[in-house]
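Heads up, the thing below is written out as structure tokens.
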Amino acid sequence: MAALSIRRGNARLPPEVNRVLYVRNLPFNISSEEMYDIFGKYGAIRQIRIGTNKDTRGTAFVVYEDIYDAKNAVDHLSGFNVANRYLIVLYYQQAKMSKKVDQRKKDEELTKLQEKYGVKPE
């Protein structure tokens with residue numbers, strides 16, 4: 001335990017390191033229990049949210065209690081094989097996620113306007 005606290009005291013983490021992980025390429029039928037089994041090996045988990053609708057299936061958010069546990073999980077689980085699918089484990093970054101949502105909204109508005117005015121997309 002003493003070695004662990006020394007490592008944590010001296011370690012400087014990059015700015016993108018976060019307690020919240022964004023996991024992609026999950027099997028659609030993965031259960032919460034399986035997620036806790038896989039990610040719980042690396043530390044205490046505060047919350048897991050698995051995507052259930054059409055746009056979010058195969059993704060999840062995993063929130064760790066400790067940032068070092070999250071870093072350890074990213075280091076060990078990126079590329080981990082679950083049901084013949086290789087996991088993509090990333091640190092959650094609010095700015096990047098909101099840009100994707102904004103782009104989707106813009107695309108939907110553009111489609112509605114094209115339909116309204118009879119313009120065919122190129």
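By order in the structure tokens, chains are A, B, ...; within a chain, residues start at 1; ligands start at 1, following the order shown.
Non-sequential neighbours of Gly79 in chain A (distance at most 8 Å, separation of 6 or more positions within a chain, only C-alpha atoms) are Tyr86, Leu87, Ile88 and Val89 of chain A.
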Check your understanding: Looking only at the backbone, which of the residues in chain A does DSSP tag as strand (DSSP E or B), as number ranges by chain?
Key -> A: 20-24, 45-50, 60-64, 81-82, 85-86, 88-91
Check your understanding: So which residues of chain A fall under alpha helix (DSSP H) by DSSP, listed as a PyMOL selection string?
Key -> chain A and resi 2-10+32-39+67-77+94-117
Review point. Near His76 in chain A, within 12 Å and counting only C-alpha atoms, which residues show up once chain neighbours fewer than 4 positions away are dropped, as a ChimeraX atom specification?
Key: /A:38-39,41-42,69-72,80-81,87-90
Check your understanding: In Å, how far is it from CA of Ile48 in chain A to CA of Phe61 in chain A?
Key -> 5.6 Å
Point to revise | Pairwise distance for CA of Val62 in chain A and CA of Arg46 in chain A, rounded to one decimal in Å | key: 7.9 Å
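When CA of Val82 in chain A is paired with CA of Pro15 in chain A, their separation reads 28.7 Å.
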